[in-house]
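Undergrad: Take a look at this one; I'll ask things after.
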Amino acid sequence: MGKIINFFNKQKQDEYEVCIVCKKKTTVKREKPITQRYTYIEGVGQLCSRCYKELLEQNAFE
Ligand SMILES: [Zn+2]
């Protein structure tokens, strides 16, 4: 039973997107439309605000 409960708890935690760079959970919910996400890069994925800012400063998207 413990395993099953863990599974469901994990599912619940996963309602937020994970940053593709640092693998940390972002504040962006999975259900949020991509067009409304500030730190989402098309063709790349979801970034956390920190990684997004770092990449912007490096002009990584140009
Ligand atoms: Zn990150």
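Ligands are numbered from 1 in the order shown, residues from 1 within each chain, and chains are lettered A, B, ... in the order they appear in the structure tokens.
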As a quick test: using only C-alpha atoms and all ligand atoms, which residues lie no more than 7 Å away from ligand 1? Give them as an MDAnalysis selection string.
TA: chainID A and resid 19:24 47:51
Undergrad: From a backbone DSSP assignment, name each residue in chain A labelled strand (DSSP E or B), as a list in words.
TA: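 Output for chain A, strand (DSSP E or B) only: Tyr16, Glu17, Val18, Lys25, Thr26, Thr27, Val28, Lys29, Tyr40, Ile41, Gly45 and Gln46 of chain A.
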Undergrad: Using CA of Tyr40 in chain A and CA of Asn6 in chain A as the two end points, give the distance in Å to one decimal.
TA: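 Computing the Euclidean distance for CA of Tyr40 in chain A and CA of Asn6 in chain A yields 29.1 Å.
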